[in-house]
>>> print(open('target_8.cif').read())   # mmCIF, C-alpha atoms
data_work
#
loop_
_atom_site.group_PDB
_atom_site.id
_atom_site.type_symbol
_atom_site.label_atom_id
_atom_site.label_comp_id
_atom_site.auth_asym_id
_atom_site.auth_seq_id
_atom_site.Cartn_x
_atom_site.Cartn_y
_atom_site.Cartn_z
ATOM 1 C CA MET A 6 121.660 43.545 41.867
ATOM 2 C CA LYS A 7 118.888 46.092 42.281
ATOM 3 C CA CYS A 8 115.336 45.616 40.968
ATOM 4 C CA ILE A 9 113.489 48.832 40.143
ATOM 5 C CA VAL A 10 109.858 49.349 39.145
ATOM 6 C CA SER A 11 109.553 52.786 37.595
ATOM 7 C CA PRO A 12 107.060 55.238 39.133
ATOM 8 C CA PHE A 13 106.833 57.058 35.785
ATOM 9 C CA ASN A 14 104.485 56.543 32.844
ATOM 10 C CA SER A 15 106.222 59.267 30.812
ATOM 11 C CA CYS A 16 108.375 57.869 28.017
ATOM 12 C CA TYR A 17 110.728 60.828 28.408
ATOM 13 C CA CYS A 18 111.321 60.033 32.073
ATOM 14 C CA ASN A 19 111.628 56.295 31.541
ATOM 15 C CA ILE A 20 114.148 56.650 28.724
ATOM 16 C CA ALA A 21 116.009 59.311 30.715
ATOM 17 C CA SER A 22 116.055 56.869 33.650
ATOM 18 C CA GLU A 23 118.296 54.530 31.690
ATOM 19 C CA GLU A 24 120.982 57.153 31.235
ATOM 20 C CA TYR A 25 120.642 58.018 34.918
ATOM 21 C CA TYR A 26 120.973 54.359 35.956
ATOM 22 C CA LEU A 27 124.109 53.919 33.875
ATOM 23 C CA SER A 28 125.859 56.863 35.486
ATOM 24 C CA HIS A 29 124.591 56.658 39.078
ATOM 25 C CA PHE A 30 124.491 52.952 40.000
ATOM 26 C CA ASP A 31 127.487 50.666 40.232
ATOM 27 C CA GLU A 32 125.469 47.484 40.803
ATOM 28 C CA ASP A 33 123.752 45.411 38.135
ATOM 29 C CA LEU A 34 120.149 46.536 37.579
ATOM 30 C CA PHE A 35 116.931 44.916 36.451
ATOM 31 C CA TYR A 36 114.041 47.311 35.897
ATOM 32 C CA LEU A 37 110.466 47.419 34.638
ATOM 33 C CA TYR A 38 108.380 50.309 33.346
ATOM 34 C CA ILE A 39 105.117 51.043 31.547
ATOM 35 C CA ASN A 40 104.803 54.007 29.177
ATOM 36 C CA ALA A 41 101.786 56.028 28.179
ATOM 37 C CA PRO A 42 101.238 55.850 24.381
ATOM 38 C CA CYS A 43 104.462 56.725 22.585
ATOM 39 C CA VAL A 44 106.805 55.797 19.781
ATOM 40 C CA VAL A 45 110.385 55.013 20.801
ATOM 41 C CA ILE A 46 112.924 55.307 18.002
ATOM 42 C CA GLY A 47 116.487 54.013 17.889
ATOM 43 C CA LYS A 48 119.470 56.286 18.375
ATOM 44 C CA ASN A 49 120.497 56.145 14.711
ATOM 45 C CA GLN A 50 117.068 56.432 13.129
ATOM 46 C CA ASN A 51 115.501 59.219 11.119
ATOM 47 C CA ALA A 52 112.489 60.273 13.213
ATOM 48 C CA PHE A 53 110.768 61.805 10.196
ATOM 49 C CA ALA A 54 110.951 58.563 8.212
ATOM 50 C CA GLU A 55 110.008 56.219 11.063
ATOM 51 C CA VAL A 56 107.003 57.979 12.579
ATOM 52 C CA ASN A 57 103.597 58.623 11.030
ATOM 53 C CA ARG A 58 103.457 62.168 12.367
ATOM 54 C CA ASP A 59 99.858 62.804 11.282
ATOM 55 C CA TYR A 60 98.711 59.782 13.277
ATOM 56 C CA VAL A 61 100.752 60.443 16.421
ATOM 57 C CA GLU A 62 99.743 64.109 16.514
ATOM 58 C CA GLU A 63 96.065 63.266 16.046
ATOM 59 C CA HIS A 64 96.177 60.620 18.790
ATOM 60 C CA HIS A 65 98.441 62.578 21.170
ATOM 61 C CA ILE A 66 101.218 59.985 21.046
ATOM 62 C CA ASP A 67 104.647 61.142 22.240
ATOM 63 C CA VAL A 68 107.853 60.431 20.326
ATOM 64 C CA VAL A 69 111.177 59.832 22.082
ATOM 65 C CA ARG A 70 114.661 58.806 20.952
ATOM 66 C CA ARG A 71 116.478 56.246 23.098
ATOM 67 C CA MET A 72 120.200 55.688 23.667
ATOM 68 C CA SER A 73 120.312 52.284 21.993
ATOM 69 C CA GLY A 74 120.205 51.378 18.334
ATOM 70 C CA GLY A 75 117.650 49.207 16.563
ATOM 71 C CA GLY A 76 114.217 49.971 15.195
ATOM 72 C CA ALA A 77 111.186 52.027 16.157
ATOM 73 C CA VAL A 78 108.584 50.499 18.487
ATOM 74 C CA TYR A 79 105.207 51.531 19.832
ATOM 75 C CA HIS A 80 104.546 51.519 23.592
ATOM 76 C CA ASP A 81 101.338 52.034 25.534
ATOM 77 C CA LEU A 82 99.824 51.077 28.884
ATOM 78 C CA GLY A 83 99.428 47.520 27.554
ATOM 79 C CA ASN A 84 103.190 47.058 27.144
ATOM 80 C CA LEU A 85 105.443 45.899 29.964
ATOM 81 C CA ASN A 86 108.959 47.103 29.248
ATOM 82 C CA TYR A 87 112.019 45.612 30.866
ATOM 83 C CA GLY A 88 115.715 46.347 30.921
ATOM 84 C CA PHE A 89 118.907 45.299 32.587
ATOM 85 C CA ILE A 90 122.292 46.898 32.980
ATOM 86 C CA THR A 91 125.387 44.892 33.817
ATOM 87 C CA LYS A 92 129.121 45.399 33.774
ATOM 88 C CA ASN A 93 130.782 44.483 30.505
ATOM 89 C CA LYS A 94 132.686 41.367 31.492
ATOM 90 C CA GLY A 95 133.646 40.265 28.003
ATOM 91 C CA LYS A 96 130.734 37.851 27.658
ATOM 92 C CA ASP A 97 128.984 37.333 24.347
ATOM 93 C CA VAL A 98 125.952 39.641 24.255
ATOM 94 C CA SER A 99 123.639 36.729 23.440
ATOM 95 C CA GLU A 100 124.788 34.937 26.604
ATOM 96 C CA VAL A 101 124.156 38.061 28.664
ATOM 97 C CA PHE A 102 120.692 38.425 27.134
ATOM 98 C CA LYS A 103 119.758 34.811 27.870
ATOM 99 C CA GLU A 104 121.042 35.057 31.450
ATOM 100 C CA PHE A 105 118.971 38.102 32.340
ATOM 101 C CA THR A 106 115.836 37.210 30.390
ATOM 102 C CA ALA A 107 115.734 33.666 31.757
ATOM 103 C CA PRO A 108 113.337 34.689 34.577
ATOM 104 C CA ILE A 109 111.001 36.299 32.004
ATOM 105 C CA VAL A 110 111.042 33.227 29.771
ATOM 106 C CA GLU A 111 110.537 30.897 32.737
ATOM 107 C CA THR A 112 107.658 33.025 34.043
ATOM 108 C CA LEU A 113 105.903 32.842 30.688
ATOM 109 C CA ARG A 114 106.424 29.097 30.393
ATOM 110 C CA ASN A 115 105.118 28.527 33.935
ATOM 111 C CA LEU A 116 102.015 30.496 32.948
ATOM 112 C CA GLY A 117 101.479 28.188 29.966
ATOM 113 C CA ALA A 118 102.964 30.238 27.123
ATOM 114 C CA ASN A 119 105.083 28.346 24.582
ATOM 115 C CA VAL A 120 107.910 30.863 24.287
ATOM 116 C CA GLU A 121 111.487 30.709 23.093
ATOM 117 C CA VAL A 122 114.420 33.048 22.487
ATOM 118 C CA SER A 123 115.218 33.374 18.804
ATOM 119 C CA GLY A 124 116.631 35.595 16.083
ATOM 120 C CA ARG A 125 118.279 38.816 17.164
ATOM 121 C CA ASN A 126 117.640 38.195 20.863
ATOM 122 C CA ASP A 127 113.870 38.322 20.459
ATOM 123 C CA ILE A 128 111.295 36.330 22.399
ATOM 124 C CA GLN A 129 108.650 34.521 20.352
ATOM 125 C CA LEU A 130 105.445 32.712 21.200
ATOM 126 C CA ASP A 131 104.506 29.957 18.769
ATOM 127 C CA GLY A 132 106.674 31.660 16.144
ATOM 128 C CA ARG A 133 105.157 35.120 16.665
ATOM 129 C CA LYS A 134 107.059 37.990 18.208
ATOM 130 C CA ILE A 135 106.095 39.155 21.705
ATOM 131 C CA SER A 136 109.324 40.956 22.617
ATOM 132 C CA GLY A 137 111.930 42.792 20.601
ATOM 133 C CA THR A 138 115.125 44.096 22.160
ATOM 134 C CA ALA A 139 117.823 46.693 21.688
ATOM 135 C CA GLN A 140 121.178 47.252 23.344
ATOM 136 C CA TYR A 141 123.619 49.984 24.266
ATOM 137 C CA HIS A 142 127.295 49.666 25.196
ATOM 138 C CA SER A 143 129.263 52.122 27.280
ATOM 139 C CA SER A 144 132.961 51.735 28.051
ATOM 140 C CA SER A 145 132.228 49.553 31.079
ATOM 141 C CA LYS A 146 128.577 48.463 30.892
ATOM 142 C CA VAL A 147 126.025 46.931 28.582
ATOM 143 C CA LEU A 148 122.316 47.809 28.597
ATOM 144 C CA PHE A 149 119.628 45.555 27.156
ATOM 145 C CA HIS A 150 115.983 46.549 27.027
ATOM 146 C CA GLY A 151 112.854 45.221 25.431
ATOM 147 C CA THR A 152 109.085 45.356 25.396
ATOM 148 C CA LEU A 153 106.564 42.650 26.234
ATOM 149 C CA LEU A 154 103.265 43.008 24.382
ATOM 150 C CA PHE A 155 100.558 42.293 26.932
ATOM 151 C CA THR A 156 97.432 44.135 25.747
ATOM 152 C CA ALA A 157 98.955 46.586 23.290
ATOM 153 C CA ASP A 158 96.690 48.495 20.893
ATOM 154 C CA MET A 159 97.572 46.764 17.623
ATOM 155 C CA ASP A 160 95.844 49.433 15.530
ATOM 156 C CA ALA A 161 98.117 52.035 17.120
ATOM 157 C CA VAL A 162 101.154 49.799 16.623
ATOM 158 C CA GLU A 163 100.424 49.840 12.910
ATOM 159 C CA GLY A 164 99.156 53.400 12.600
ATOM 160 C CA SER A 165 101.916 55.189 14.479
ATOM 161 C CA LEU A 166 104.685 53.594 12.403
ATOM 162 C CA ASN A 167 102.914 53.328 9.072
ATOM 163 C CA VAL A 168 104.471 56.138 7.051
ATOM 164 C CA SER A 169 104.903 56.387 3.279
ATOM 165 C CA ARG A 170 108.546 55.401 3.058
ATOM 166 C CA GLU A 171 108.878 55.977 -0.679
ATOM 167 C CA LYS A 172 108.964 59.710 0.064
ATOM 168 C CA TYR A 173 112.199 59.384 2.012
ATOM 169 C CA GLU A 174 115.714 58.428 1.011
ATOM 170 C CA ASP A 175 118.319 58.092 3.751
ATOM 171 C CA LYS A 176 120.966 55.770 5.155
ATOM 172 C CA THR A 177 119.567 55.297 8.638
ATOM 173 C CA VAL A 178 118.292 52.082 10.185
ATOM 174 C CA LYS A 179 114.792 51.080 9.067
ATOM 175 C CA SER A 180 112.438 49.367 11.483
ATOM 176 C CA VAL A 181 111.824 45.692 10.819
ATOM 177 C CA ARG A 182 108.121 44.892 10.831
ATOM 178 C CA ALA A 183 107.409 41.546 12.417
ATOM 179 C CA ARG A 184 104.320 39.495 13.109
ATOM 180 C CA VAL A 185 103.369 40.294 16.683
ATOM 181 C CA VAL A 186 100.859 38.994 19.194
ATOM 182 C CA ASN A 187 99.554 40.070 22.609
ATOM 183 C CA LEU A 188 100.399 37.852 25.572
ATOM 184 C CA LYS A 189 97.143 38.212 27.474
ATOM 185 C CA ASP A 190 95.334 35.969 25.009
ATOM 186 C CA HIS A 191 97.767 33.164 25.883
ATOM 187 C CA LEU A 192 97.965 33.532 29.674
ATOM 188 C CA PRO A 193 95.589 32.943 32.592
ATOM 189 C CA PRO A 194 93.432 36.000 33.471
ATOM 190 C CA MET A 195 95.577 38.671 35.139
ATOM 191 C CA THR A 196 96.382 42.363 35.015
ATOM 192 C CA ILE A 197 99.628 43.722 33.610
ATOM 193 C CA GLU A 198 100.637 44.652 37.186
ATOM 194 C CA GLU A 199 100.123 41.048 38.288
ATOM 195 C CA PHE A 200 102.122 39.877 35.305
ATOM 196 C CA ALA A 201 104.960 42.232 36.285
ATOM 197 C CA GLU A 202 104.910 40.929 39.850
ATOM 198 C CA ASN A 203 105.248 37.355 38.549
ATOM 199 C CA ILE A 204 108.388 38.376 36.677
ATOM 200 C CA ILE A 205 109.824 40.164 39.711
ATOM 201 C CA GLU A 206 109.262 37.137 41.945
ATOM 202 C CA LYS A 207 110.998 34.856 39.446
ATOM 203 C CA THR A 208 113.883 37.345 39.154
ATOM 204 C CA LEU A 209 114.290 37.353 42.937
ATOM 205 C CA GLU A 210 114.540 33.556 42.821
ATOM 206 C CA ALA A 211 117.029 33.513 39.934
ATOM 207 C CA PHE A 212 119.401 36.109 41.399
ATOM 208 C CA PRO A 213 119.834 35.567 45.175
ATOM 209 C CA ASP A 214 121.605 38.904 45.678
ATOM 210 C CA VAL A 215 118.830 40.974 44.086
ATOM 211 C CA GLU A 216 117.034 43.561 46.207
ATOM 212 C CA ARG A 217 114.106 45.825 45.450
ATOM 213 C CA TYR A 218 114.931 49.494 45.221
ATOM 214 C CA GLU A 219 112.521 52.424 45.183
ATOM 215 C CA LEU A 220 113.709 55.613 43.542
ATOM 216 C CA THR A 221 114.290 58.395 46.029
ATOM 217 C CA GLU A 222 112.945 61.904 45.573
ATOM 218 C CA GLU A 223 116.482 62.911 44.632
ATOM 219 C CA ASP A 224 116.539 60.203 41.936
ATOM 220 C CA LYS A 225 113.151 61.272 40.576
ATOM 221 C CA THR A 226 114.102 64.947 40.462
ATOM 222 C CA ALA A 227 117.331 64.228 38.594
ATOM 223 C CA ILE A 228 115.543 61.965 36.099
ATOM 224 C CA GLN A 229 112.802 64.539 35.490
ATOM 225 C CA LYS A 230 115.438 67.215 34.882
ATOM 226 C CA LEU A 231 117.227 64.986 32.354
ATOM 227 C CA ALA A 232 113.898 64.264 30.637
ATOM 228 C CA ASP A 233 113.014 67.963 30.441
ATOM 229 C CA GLN A 234 116.413 69.177 29.291
ATOM 230 C CA LYS A 235 117.271 66.381 26.859
ATOM 231 C CA TYR A 236 114.887 63.556 26.035
ATOM 232 C CA SER A 237 111.706 65.592 25.456
ATOM 233 C CA THR A 238 113.402 68.299 23.383
ATOM 234 C CA TRP A 239 112.937 68.738 19.651
ATOM 235 C CA ASP A 240 116.704 68.844 19.189
ATOM 236 C CA TRP A 241 117.122 65.359 20.689
ATOM 237 C CA VAL A 242 114.082 63.692 19.128
ATOM 238 C CA TYR A 243 114.089 65.270 15.656
ATOM 239 C CA GLY A 244 117.225 67.380 15.431
ATOM 240 C CA ASN A 245 119.391 64.288 15.835
ATOM 241 C CA SER A 246 118.002 62.818 12.624
ATOM 242 C CA MET A 247 120.676 62.228 10.022
ATOM 243 C CA GLU A 248 120.645 63.898 6.627
ATOM 244 C CA PHE A 249 117.841 62.754 4.336
ATOM 245 C CA THR A 250 115.847 63.875 1.352
ATOM 246 C CA PHE A 251 112.074 64.180 1.202
ATOM 247 C CA ARG A 252 109.920 64.233 -1.893
ATOM 248 C CA ASN A 253 106.204 64.835 -2.224
ATOM 249 C CA THR A 254 103.858 65.760 -5.033
ATOM 250 C CA PHE A 255 100.989 68.242 -4.650
ATOM 251 C CA ARG A 256 98.310 68.106 -7.347
ATOM 252 C CA TYR A 257 96.112 71.081 -8.127
ATOM 253 C CA PRO A 258 93.514 71.681 -10.851
ATOM 254 C CA MET A 259 95.923 74.213 -12.334
ATOM 255 C CA GLY A 260 99.062 72.093 -12.233
ATOM 256 C CA THR A 261 101.320 69.696 -10.345
ATOM 257 C CA VAL A 262 104.043 70.718 -7.903
ATOM 258 C CA ASP A 263 106.882 68.303 -7.134
ATOM 259 C CA LEU A 264 108.691 69.240 -3.909
ATOM 260 C CA HIS A 265 112.227 68.042 -3.059
ATOM 261 C CA LEU A 266 113.796 68.820 0.325
ATOM 262 C CA ARG A 267 117.251 68.078 1.685
ATOM 263 C CA VAL A 268 117.156 68.000 5.486
ATOM 264 C CA ALA A 269 120.066 67.741 7.937
ATOM 265 C CA GLY A 270 119.891 68.007 11.710
ATOM 266 C CA GLY A 271 116.164 68.606 11.442
ATOM 267 C CA MET A 272 116.633 71.764 9.328
ATOM 268 C CA ILE A 273 115.779 72.261 5.658
ATOM 269 C CA GLU A 274 119.081 72.981 3.927
ATOM 270 C CA GLU A 275 117.798 73.015 0.373
ATOM 271 C CA ALA A 276 114.347 73.097 -1.240
ATOM 272 C CA ARG A 277 113.703 72.585 -4.928
ATOM 273 C CA ILE A 278 110.313 72.851 -6.643
ATOM 274 C CA TYR A 279 109.424 71.353 -10.015
ATOM 275 C CA GLY A 280 106.146 70.965 -11.894
ATOM 276 C CA ASP A 281 103.957 71.822 -14.861
ATOM 277 C CA PHE A 282 102.286 74.818 -13.219
ATOM 278 C CA PHE A 283 102.285 78.416 -14.437
ATOM 279 C CA GLY A 284 102.953 81.191 -11.962
ATOM 280 C CA LYS A 285 104.128 84.739 -11.505
ATOM 281 C CA LEU A 286 106.496 83.708 -8.694
ATOM 282 C CA ASP A 287 109.656 81.868 -9.634
ATOM 283 C CA ALA A 288 109.862 78.409 -8.039
ATOM 284 C CA SER A 289 113.446 79.085 -6.926
ATOM 285 C CA GLU A 290 112.193 82.030 -4.849
ATOM 286 C CA ILE A 291 109.755 79.758 -3.018
ATOM 287 C CA GLY A 292 112.576 77.257 -2.473
ATOM 288 C CA GLU A 293 114.782 79.934 -0.953
ATOM 289 C CA ARG A 294 112.000 80.895 1.476
ATOM 290 C CA LEU A 295 111.791 77.294 2.697
ATOM 291 C CA SER A 296 115.546 76.868 3.210
ATOM 292 C CA GLY A 297 116.811 77.312 6.757
ATOM 293 C CA ILE A 298 113.559 76.520 8.595
ATOM 294 C CA ALA A 299 112.999 73.587 10.943
ATOM 295 C CA TYR A 300 111.390 70.455 9.538
ATOM 296 C CA GLU A 301 109.008 70.208 12.489
ATOM 297 C CA LYS A 302 105.398 69.913 13.587
ATOM 298 C CA GLY A 303 103.099 71.998 11.413
ATOM 299 C CA LEU A 304 105.571 72.281 8.565
ATOM 300 C CA ARG A 305 103.436 70.345 6.118
ATOM 301 C CA ARG A 306 100.573 72.802 6.624
ATOM 302 C CA ARG A 307 102.984 75.652 5.980
ATOM 303 C CA LEU A 308 104.249 73.919 2.858
ATOM 304 C CA TRP A 309 100.682 73.473 1.640
ATOM 305 C CA ARG A 310 99.885 77.130 2.214
ATOM 306 C CA THR A 311 103.088 78.220 0.473
ATOM 307 C CA LEU A 312 102.527 76.009 -2.537
ATOM 308 C CA THR A 313 98.838 76.976 -2.684
ATOM 309 C CA TYR A 314 99.934 80.616 -2.790
ATOM 310 C CA LEU A 315 102.237 79.725 -5.670
ATOM 311 C CA ILE A 316 99.327 78.228 -7.598
ATOM 312 C CA ILE A 317 96.962 81.090 -6.734
ATOM 313 C CA CYS A 318 99.488 83.421 -8.329
ATOM 314 C CA SER A 319 99.193 81.443 -11.573
ATOM 315 C CA VAL A 320 98.568 83.463 -14.708
#
>>> encode(input="target_8.cif", output="structure tokens")
Amino acid sequence: MKCIVSPFNSCYCNIASEEYYLSHFDEDLFYLYINAPCVVIGKNQNAFAEVNRDYVEEHHIDVVRRMSGGGAVYHDLGNLNYGFITKNKGKDVSEVFKEFTAPIVETLRNLGANVEVSGRNDIQLDGRKISGTAQYHSSSKVLFHGTLLFTADMDAVEGSLNVSREKYEDKTVKSVRARVVNLKDHLPPMTIEEFAENIIEKTLEAFPDVERYELTEEDKTAIQKLADQKYSTWDWVYGNSMEFTFRNTFRYPMGTVDLHLRVAGGMIEEARIYGDFFGKLDASEIGERLSGIAYEKGLRRRLWRTLTYLIICSV
């Protein structure tokens, strides 16, 4: 087994690393990484419904889609993220999870934290969630990864994922909100780097064949290329969102506009406008102008300007 500590803080590189590990290493892997502020969404999730885009844009928080399923999570420099990749040997996934997370659980218990594995392969401390996990299966391997809340910004955890869900209707996986807690308040004084080193040392004890591995320049270059060409692209993060409908109401002194959008693959396929306004322009004409454009950053401002123009043209 190889143990890797990522040299990257970019969520795009760290998520790209997992695809790279799966395809370029034959051995089992255990790895740790820390991301700069970001939201990581599951493979099957609707990015538009899961992310509070106003908040993440204002606070310069990146958004990335991972390979695995499950719900959206917030990462920052106060999160220690872990993962392991092993050959699919027909074991029950819960057994695999317990085997590889045993060093993490033992480390926490040795440091005085009352933790246990529970639910859908989560780790809890006194009944409160400190680590959620997700998994990915290839034809020959299984990947588990999760996040350990050490000193995460809880306001950002809430703000980056707190979107008005009643506006959206889709069939994708919704994130499960759970009561969470930071570990640092329940451990002896230490930095997140020291905490990571504790976990590595316990992993080295638990798996006698494990060896530390530092990514080569060739590894780093290939991972960066994969991040640039896939994981940081709009097509991967937003364009992969399944079909959904969006509804919002704009209220003006001169009338109300009710906007309905049908979006697929990140593109507006149909736009319908209803309301009690009066105008020289037909609402269907405005809807036609919106069809075929990307549902991306800045779109809401464009919608506002378009609808404001509709109202300004009122008779």
>>> residues_around(input="target_8.cif", residues="stretch 55-72 of chain A", least_positions_apart="3", cutoff="8 Å", atoms="all atoms listed in the file", output="PyMOL selection string")
chain A and resi 16-17+20+24+42-48+50-52+77+141+164-168+179-180+236-237+241-242
>>> closest_atom_pairs(input="target_8.cif", of="stretch 107-159 of chain A", to="stretch 193-204 of chain A", cutoff="7 Å", atoms="all atoms listed in the file", output="Markdown table")
| residue | atom | partner | partner_atom | distance |
| --- | --- | --- | --- | --- |
| A:Pro108 | CA | A:Ile204 | CA | 6.5 |
| A:Ile109 | CA | A:Ile204 | CA | 5.7 |
| A:Thr112 | CA | A:Ile204 | CA | 6.0 |
| A:Leu116 | CA | A:Pro193 | CA | 6.9 |
| A:Phe155 | CA | A:Ile197 | CA | 6.9 |
>>> write_last_selection(input="target_8.cif", atoms="C-alpha atoms", output="short mmCIF file (atom, residue, chain, number, x, y, z; two decimals), in the coordinates of the input")
data_model
loop_
_atom_site.label_atom_id
_atom_site.label_comp_id
_atom_site.auth_asym_id
_atom_site.auth_seq_id
_atom_site.Cartn_x
_atom_site.Cartn_y
_atom_site.Cartn_z
CA PRO A 108 113.34 34.69 34.58
CA ILE A 109 111.00 36.30 32.00
CA THR A 112 107.66 33.02 34.04
CA LEU A 116 102.02 30.50 32.95
CA PHE A 155 100.56 42.29 26.93
#
>>> closest_residue(input="target_8.cif", among="A:Met159, A:Leu82, A:Tyr25, A:Leu188", to="A:Leu113", atoms="all atoms listed in the file")
A:Leu188
>>> resolve_selection(input="target_8.cif", expression="the PyMOL selection byres ((chain A and resi 26) around 12)", output="VMD selection string")
chain A and resid 7 to 9 11 18 to 25 27 to 36 88 to 91 146 to 148 220 224 to 225 227 to 228 231
>>> resolve_selection(input="target_8.cif", expression="the PyMOL selection byres ((chain A and resi 253) around 9)", output="list in words")
Lys172, Phe251, Arg252, Thr254, Phe255, Val262, Asp263, Leu264, His265 and Leu266 of chain A
>>> residues_around(input="target_8.cif", residues="A:Gly151", least_positions_apart="4", cutoff="8 Å", atoms="all atoms listed in the file", output="list in words")
Asn86, Tyr87, Gly88, Ser136, Gly137, Thr138 and Ala139 of chain A
>>> atom_distance(input="target_8.cif", atom1="atom CA of A:Asp240", atom2="atom CA of A:Gly270")
8.2 Å
>>> atom_distance(input="target_8.cif", atom1="atom CA of A:Asn187", atom2="atom CA of A:Gly76")
19.2 Å
>>> residues_around(input="target_8.cif", residues="A:Ile128", least_positions_apart="6", cutoff="12 Å", atoms="only C-alpha atoms", output="PDB file with C-alpha atoms, keeping the file's coordinate frame")
ATOM      1  CA  PHE A 102     120.692  38.425  27.134  1.00  0.00           C
ATOM      2  CA  LYS A 103     119.758  34.811  27.870  1.00  0.00           C
ATOM      3  CA  THR A 106     115.836  37.210  30.390  1.00  0.00           C
ATOM      4  CA  ALA A 107     115.734  33.666  31.757  1.00  0.00           C
ATOM      5  CA  ILE A 109     111.001  36.299  32.004  1.00  0.00           C
ATOM      6  CA  VAL A 110     111.042  33.227  29.771  1.00  0.00           C
ATOM      7  CA  GLU A 111     110.537  30.897  32.737  1.00  0.00           C
ATOM      8  CA  LEU A 113     105.903  32.842  30.688  1.00  0.00           C
ATOM      9  CA  ARG A 114     106.424  29.097  30.393  1.00  0.00           C
ATOM     10  CA  ALA A 118     102.964  30.238  27.123  1.00  0.00           C
ATOM     11  CA  ASN A 119     105.083  28.346  24.582  1.00  0.00           C
ATOM     12  CA  VAL A 120     107.910  30.863  24.287  1.00  0.00           C
ATOM     13  CA  GLU A 121     111.487  30.709  23.093  1.00  0.00           C
ATOM     14  CA  VAL A 122     114.420  33.048  22.487  1.00  0.00           C
ATOM     15  CA  LYS A 134     107.059  37.990  18.208  1.00  0.00           C
ATOM     16  CA  ILE A 135     106.095  39.155  21.705  1.00  0.00           C
ATOM     17  CA  SER A 136     109.324  40.956  22.617  1.00  0.00           C
ATOM     18  CA  GLY A 137     111.930  42.792  20.601  1.00  0.00           C
ATOM     19  CA  THR A 138     115.125  44.096  22.160  1.00  0.00           C
ATOM     20  CA  GLY A 151     112.854  45.221  25.431  1.00  0.00           C
ATOM     21  CA  THR A 152     109.085  45.356  25.396  1.00  0.00           C
ATOM     22  CA  LEU A 153     106.564  42.650  26.234  1.00  0.00           C
ATOM     23  CA  LEU A 154     103.265  43.008  24.382  1.00  0.00           C
ATOM     24  CA  ALA A 183     107.409  41.546  12.417  1.00  0.00           C
ATOM     25  CA  VAL A 185     103.369  40.294  16.683  1.00  0.00           C
ATOM     26  CA  VAL A 186     100.859  38.994  19.194  1.00  0.00           C
ATOM     27  CA  LEU A 188     100.399  37.852  25.572  1.00  0.00           C
TER      28      LEU A 188
END
>>> atom_distance(input="target_8.cif", atom1="atom CA of A:Asn84", atom2="atom CA of A:His150")
12.8 Å
>>> resolve_selection(input="target_8.cif", expression="the PyMOL selection byres ((chain A and resi 213-215) around 7)", output="list of chain:residue names")
A:Met6, A:Lys7, A:Cys8, A:Leu209, A:Glu210, A:Ala211, A:Phe212, A:Glu216, A:Arg217
>>> closest_residue(input="target_8.cif", among="A:Gly297, A:Gly292, A:Pro12, A:Gly83", to="A:Gly271", atoms="all atoms listed in the file")
A:Gly297
